[in-house]
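Below is one structure; the comments refer to it alone.
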Amino acid sequence: MLQEKKIKEFLLEQYIVQSRLQGQSSSEFYYLKDSKIDQYDIASTRSRSAFFSHYSALSIHNLTIQLPKQIYLTWERKGLRHQNDTFLIQENVDTAFNKTPRITQDKRKYKGFTINFINGQNHNLLGVETFRNNYLVSNIERTLIDVSVRPFYAGGITQVLQSFEEAKDKLDTKKIYDYYVEMDFTYPYHKVIGFYLEKAGYNEKDYEPFLDMDSDIDFYLTYNILHKDYNSKWKLFIPKGF
């Protein structure tokens with residue numbers, strides 16, 4: 001044990017740096033002195049099986065001009081895939097979306113960055129790809145679905161709309177539709193995705209498959225909208241003036 005302690009002290013003095021993520025339960029990590037590390041290197045120490053998502057993925061794919069201080073990592077729960085057999089009732093949808101959403105409390109701090117760890121539903125890492133040969137990140141199609149569903153993890157609905165606009169020459173609209181069908185959501189988020197596609201100026205053929213999906217539910221662009229307008233084409237409540 002004494003020998004191991006001396007070796008550790010020597011390495012810390014000569015070659016490596018010991019640091020710590022601050023949060024409800026702090027975690028240590030080490031990196032080489034003089035190495036070029038950034039917020040993604042630091043955040044990835046939480047879990048190598050998690051992937052960068054939401055606002056972080058928007059930034060990685062250059063779909064935002066912002067430099068977000070909030071970093072998002074999603075870890076998909078293992079086990080059986082969710083099977084959507086829920087019958088939606090308008091009253092229950094209204095109740096759920098007219099209140100503040102639940103957000104992750106699993107956070108760590110590091111030098112001005114907040115690392116948010118999201119425990120997500122299992123989608124078999126659909127649309128997740130390798131980033132920098134080491135890390136995982138959701139691709140553009142999966143990212144735009146995720147931020148449509150959880151805009152509060154992406155800087156809000158204005159940022160989501162801007163990201164759809166920035167993605168116009170990169171987004172595979174057939175792929176985003178296929179992903180959405182595969183992910184089998186309970187709520188009719190296809191209304192949200194289709195609305196963004198139309199508002200961002202995509203061709204009708206790009207958003208028409210979402211418009212053709214069946215749902216009589218009046219849905220919401222985001223949670224807890226104080227002053228609402230109603231888009232009858234998408235059967236969607238949106239913030240007034242949006």
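Chain lettering (A, B, ...) mirrors the order of the structure tokens, residue numbering begins at 1 for each chain separately, and ligand numbering begins at 1 in order of display.
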
Item to check | Residue list (strand (DSSP E or B), DSSP) for stretch 21-207 of chain A, as a PyMOL selection string | outcome: chain A and resi 21-23+27-32+51-52+70-76+107-110+113-120+128-131+135-138

Pick out the residues sitting within 6 Å of stretch 199-214 of chain A, and hand them over as a PyMOL selection string; count only C-alpha atoms, and ignore anything fewer than 6 positions along from it in its own chain. chain A and resi 165+173+190

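Using only C-alpha atoms, the nearest neighbour of A:Leu197 within the list A:Ile145, A:Ile115, A:Ala154, A:Ile238 is A:Ile145.
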
- Query: Pick the closest to A:Leu221 from A:Leu67, A:Val181, A:Ala167, A:Val149: which is it, counting only C-alpha atoms?
  - Reply: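 Nearest candidate to A:Leu221 out of A:Leu67, A:Val181, A:Ala167, A:Val149: A:Val149.
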
Using only C-alpha atoms, which residues sit within 8 Å of A:Lys235 once same-chain residues fewer than 6 positions away are excluded, as a PyMOL selection string? chain A and resi 191+216-219

Just write the chosen residues, N, CA and C atoms, as an mmCIF file, in the first residue's frame.
data_model
loop_
_atom_site.group_PDB
_atom_site.id
_atom_site.type_symbol
_atom_site.label_atom_id
_atom_site.label_comp_id
_atom_site.auth_asym_id
_atom_site.auth_seq_id
_atom_site.Cartn_x
_atom_site.Cartn_y
_atom_site.Cartn_z
ATOM 1 N N LYS A 191 -47.052 15.944 -34.083
ATOM 2 C CA LYS A 191 -47.620 17.270 -34.336
ATOM 3 C C LYS A 191 -46.558 18.351 -34.129
ATOM 4 N N ASP A 216 -56.618 12.562 -32.644
ATOM 5 C CA ASP A 216 -57.640 13.572 -32.393
ATOM 6 C C ASP A 216 -57.303 14.445 -31.195
ATOM 7 N N ILE A 217 -56.188 14.160 -30.557
ATOM 8 C CA ILE A 217 -55.803 14.898 -29.355
ATOM 9 C C ILE A 217 -55.281 16.289 -29.718
ATOM 10 N N ASP A 218 -55.763 17.310 -29.007
ATOM 11 C CA ASP A 218 -55.161 18.631 -29.082
ATOM 12 C C ASP A 218 -53.907 18.603 -28.217
ATOM 13 N N PHE A 219 -52.767 18.915 -28.847
ATOM 14 C CA PHE A 219 -51.509 18.731 -28.145
ATOM 15 C C PHE A 219 -50.837 20.081 -27.879
#

Exercise for the section: Run DSSP on the backbone of this structure and report the residues of stretch 94-220 of chain A it assigns to helix (DSSP H, G or I), as a ChimeraX atom specification. Expected result: /A:94-97,140-149,151-153,157-166,173-183,190-199,204-211

Practice prompt. May I have the residues within 8 Å of A:Ile140 as an MDAnalysis selection string, using only C-alpha atoms and disregarding those fewer than 5 positions away in the same chain?
Written response: chainID A and resid 57:58 61 167 170:171

Output N, CA and C atoms for every residue in the selection just made, as a PDB file, in the first residue's frame.
ATOM      1  N   ALA A  57     -25.850  17.960 -28.192  1.00  0.00           N
ATOM      2  CA  ALA A  57     -25.824  17.409 -29.543  1.00  0.00           C
ATOM      3  C   ALA A  57     -26.070  18.506 -30.580  1.00  0.00           C
ATOM      4  N   LEU A  58     -26.958  19.452 -30.273  1.00  0.00           N
ATOM      5  CA  LEU A  58     -27.157  20.584 -31.186  1.00  0.00           C
ATOM      6  C   LEU A  58     -25.846  21.333 -31.405  1.00  0.00           C
ATOM      7  N   HIS A  61     -23.321  19.289 -33.521  1.00  0.00           N
ATOM      8  CA  HIS A  61     -23.697  19.246 -34.941  1.00  0.00           C
ATOM      9  C   HIS A  61     -23.787  20.646 -35.572  1.00  0.00           C
ATOM     10  N   ALA A 167     -30.669  23.042 -39.762  1.00  0.00           N
ATOM     11  CA  ALA A 167     -30.492  21.663 -40.236  1.00  0.00           C
ATOM     12  C   ALA A 167     -31.061  21.432 -41.632  1.00  0.00           C
ATOM     13  N   LYS A 170     -29.101  19.500 -44.003  1.00  0.00           N
ATOM     14  CA  LYS A 170     -28.460  18.322 -43.425  1.00  0.00           C
ATOM     15  C   LYS A 170     -29.458  17.241 -43.023  1.00  0.00           C
ATOM     16  N   LEU A 171     -30.677  17.637 -42.714  1.00  0.00           N
ATOM     17  CA  LEU A 171     -31.654  16.721 -42.148  1.00  0.00           C
ATOM     18  C   LEU A 171     -32.246  15.796 -43.210  1.00  0.00           C
TER      19      LEU A 171
END

Of A:Ala96, A:Leu73, A:Val160, A:Leu126, the one nearest to A:Tyr220 when counting only C-alpha atoms is A:Ala96

The residue from A:Ser232, A:Gln162, A:Thr186, A:Asn224 with the smallest atom-to-atom distance to A:Gln66, counting only C-alpha atoms, is A:Gln162

Using only C-alpha atoms, which residues of stretch 104-170 of chain A come within 8 Å of stretch 37-53 of chain A, and what is the closest atom pair for each, with the distance in Å to one decimal? Give it as CSV, sorted by chain and residue number.
residue,atom,partner,partner_atom,distance
A:Phe113,CA,A:Gln39,CA,7.5
A:Ile115,CA,A:Ala43,CA,6.2
A:Val128,CA,A:Phe51,CA,7.3
A:Tyr135,CA,A:Phe51,CA,7.0
A:Leu136,CA,A:Phe51,CA,4.5
A:Val137,CA,A:Phe52,CA,4.5
A:Ser138,CA,A:Ser53,CA,5.7
A:Thr143,CA,A:Ser53,CA,6.4
A:Asp146,CA,A:Ser53,CA,7.8

Can you spit out the residues from that selection as a PDB file, in the first residue's frame, using all heavy atoms?
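Here's the written file out.pdb:
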ATOM      1  N   PHE A 113     -19.540  24.842 -15.997  1.00  0.00           N
ATOM      2  CA  PHE A 113     -20.449  23.984 -16.743  1.00  0.00           C
ATOM      3  C   PHE A 113     -21.306  23.160 -15.778  1.00  0.00           C
ATOM      4  O   PHE A 113     -20.834  22.746 -14.716  1.00  0.00           O
ATOM      5  CB  PHE A 113     -19.682  23.029 -17.663  1.00  0.00           C
ATOM      6  CG  PHE A 113     -19.012  23.708 -18.820  1.00  0.00           C
ATOM      7  CD1 PHE A 113     -17.670  24.060 -18.769  1.00  0.00           C
ATOM      8  CD2 PHE A 113     -19.723  24.009 -19.972  1.00  0.00           C
ATOM      9  CE1 PHE A 113     -17.045  24.698 -19.817  1.00  0.00           C
ATOM     10  CE2 PHE A 113     -19.104  24.644 -21.040  1.00  0.00           C
ATOM     11  CZ  PHE A 113     -17.765  24.992 -20.960  1.00  0.00           C
ATOM     12  N   ILE A 115     -23.287  19.633 -15.802  1.00  0.00           N
ATOM     13  CA  ILE A 115     -23.431  18.373 -16.531  1.00  0.00           C
ATOM     14  C   ILE A 115     -24.704  17.695 -16.044  1.00  0.00           C
ATOM     15  O   ILE A 115     -24.815  17.307 -14.880  1.00  0.00           O
ATOM     16  CB  ILE A 115     -22.212  17.470 -16.310  1.00  0.00           C
ATOM     17  CG1 ILE A 115     -20.941  18.199 -16.769  1.00  0.00           C
ATOM     18  CG2 ILE A 115     -22.368  16.151 -17.058  1.00  0.00           C
ATOM     19  CD1 ILE A 115     -19.658  17.557 -16.283  1.00  0.00           C
ATOM     20  N   VAL A 128     -27.739   6.878 -32.557  1.00  0.00           N
ATOM     21  CA  VAL A 128     -26.575   7.294 -31.773  1.00  0.00           C
ATOM     22  C   VAL A 128     -25.318   6.877 -32.524  1.00  0.00           C
ATOM     23  O   VAL A 128     -25.209   5.742 -32.994  1.00  0.00           O
ATOM     24  CB  VAL A 128     -26.596   6.672 -30.361  1.00  0.00           C
ATOM     25  CG1 VAL A 128     -25.314   6.997 -29.598  1.00  0.00           C
ATOM     26  CG2 VAL A 128     -27.813   7.179 -29.585  1.00  0.00           C
ATOM     27  N   TYR A 135     -16.477   9.096 -27.967  1.00  0.00           N
ATOM     28  CA  TYR A 135     -17.725   9.422 -27.294  1.00  0.00           C
ATOM     29  C   TYR A 135     -18.912   9.155 -28.209  1.00  0.00           C
ATOM     30  O   TYR A 135     -18.772   9.052 -29.421  1.00  0.00           O
ATOM     31  CB  TYR A 135     -17.727  10.888 -26.866  1.00  0.00           C
ATOM     32  CG  TYR A 135     -16.467  11.326 -26.171  1.00  0.00           C
ATOM     33  CD1 TYR A 135     -15.904  12.569 -26.432  1.00  0.00           C
ATOM     34  CD2 TYR A 135     -15.809  10.484 -25.278  1.00  0.00           C
ATOM     35  CE1 TYR A 135     -14.738  12.982 -25.807  1.00  0.00           C
ATOM     36  CE2 TYR A 135     -14.646  10.881 -24.651  1.00  0.00           C
ATOM     37  CZ  TYR A 135     -14.102  12.125 -24.917  1.00  0.00           C
ATOM     38  OH  TYR A 135     -12.941  12.514 -24.301  1.00  0.00           O
ATOM     39  N   LEU A 136     -20.078   9.081 -27.605  1.00  0.00           N
ATOM     40  CA  LEU A 136     -21.308   8.855 -28.343  1.00  0.00           C
ATOM     41  C   LEU A 136     -22.138  10.128 -28.364  1.00  0.00           C
ATOM     42  O   LEU A 136     -22.168  10.889 -27.399  1.00  0.00           O
ATOM     43  CB  LEU A 136     -22.122   7.722 -27.701  1.00  0.00           C
ATOM     44  CG  LEU A 136     -21.447   6.353 -27.629  1.00  0.00           C
ATOM     45  CD1 LEU A 136     -22.309   5.364 -26.855  1.00  0.00           C
ATOM     46  CD2 LEU A 136     -21.159   5.823 -29.028  1.00  0.00           C
ATOM     47  N   VAL A 137     -22.835  10.346 -29.472  1.00  0.00           N
ATOM     48  CA  VAL A 137     -23.716  11.508 -29.606  1.00  0.00           C
ATOM     49  C   VAL A 137     -24.897  11.115 -30.475  1.00  0.00           C
ATOM     50  O   VAL A 137     -24.767  10.300 -31.394  1.00  0.00           O
ATOM     51  CB  VAL A 137     -22.951  12.702 -30.235  1.00  0.00           C
ATOM     52  CG1 VAL A 137     -22.435  12.374 -31.619  1.00  0.00           C
ATOM     53  CG2 VAL A 137     -23.828  13.953 -30.268  1.00  0.00           C
ATOM     54  N   SER A 138     -26.071  11.652 -30.169  1.00  0.00           N
ATOM     55  CA  SER A 138     -27.229  11.413 -31.030  1.00  0.00           C
ATOM     56  C   SER A 138     -27.024  12.141 -32.356  1.00  0.00           C
ATOM     57  O   SER A 138     -26.496  13.257 -32.391  1.00  0.00           O
ATOM     58  CB  SER A 138     -28.512  11.898 -30.347  1.00  0.00           C
ATOM     59  OG  SER A 138     -28.401  13.253 -29.945  1.00  0.00           O
ATOM     60  N   THR A 143     -31.488  13.819 -32.579  1.00  0.00           N
ATOM     61  CA  THR A 143     -31.395  15.024 -31.749  1.00  0.00           C
ATOM     62  C   THR A 143     -32.619  15.906 -31.916  1.00  0.00           C
ATOM     63  O   THR A 143     -33.186  16.403 -30.924  1.00  0.00           O
ATOM     64  CB  THR A 143     -30.128  15.818 -32.102  1.00  0.00           C
ATOM     65  OG1 THR A 143     -28.974  15.012 -31.857  1.00  0.00           O
ATOM     66  CG2 THR A 143     -30.035  17.083 -31.271  1.00  0.00           C
ATOM     67  N   ASP A 146     -35.477  14.473 -30.066  1.00  0.00           N
ATOM     68  CA  ASP A 146     -35.310  14.621 -28.620  1.00  0.00           C
ATOM     69  C   ASP A 146     -35.593  16.046 -28.154  1.00  0.00           C
ATOM     70  O   ASP A 146     -36.233  16.253 -27.114  1.00  0.00           O
ATOM     71  CB  ASP A 146     -33.898  14.209 -28.203  1.00  0.00           C
ATOM     72  CG  ASP A 146     -33.674  12.706 -28.259  1.00  0.00           C
ATOM     73  OD1 ASP A 146     -34.680  11.956 -28.329  1.00  0.00           O
ATOM     74  OD2 ASP A 146     -32.507  12.266 -28.233  1.00  0.00           O
TER      75      ASP A 146
END

| field | Interatomic distance (Å, one decimal) between atom CA of A:Tyr230 and atom CA of A:Asp169 | value |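 Atom CA of A:Asp169 lies at a distance of 29.2 Å from atom CA of A:Tyr230.
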
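Note that the spacing between atom CA of A:Leu63 and atom CA of A:Gly194 amounts to 18.2 Å.
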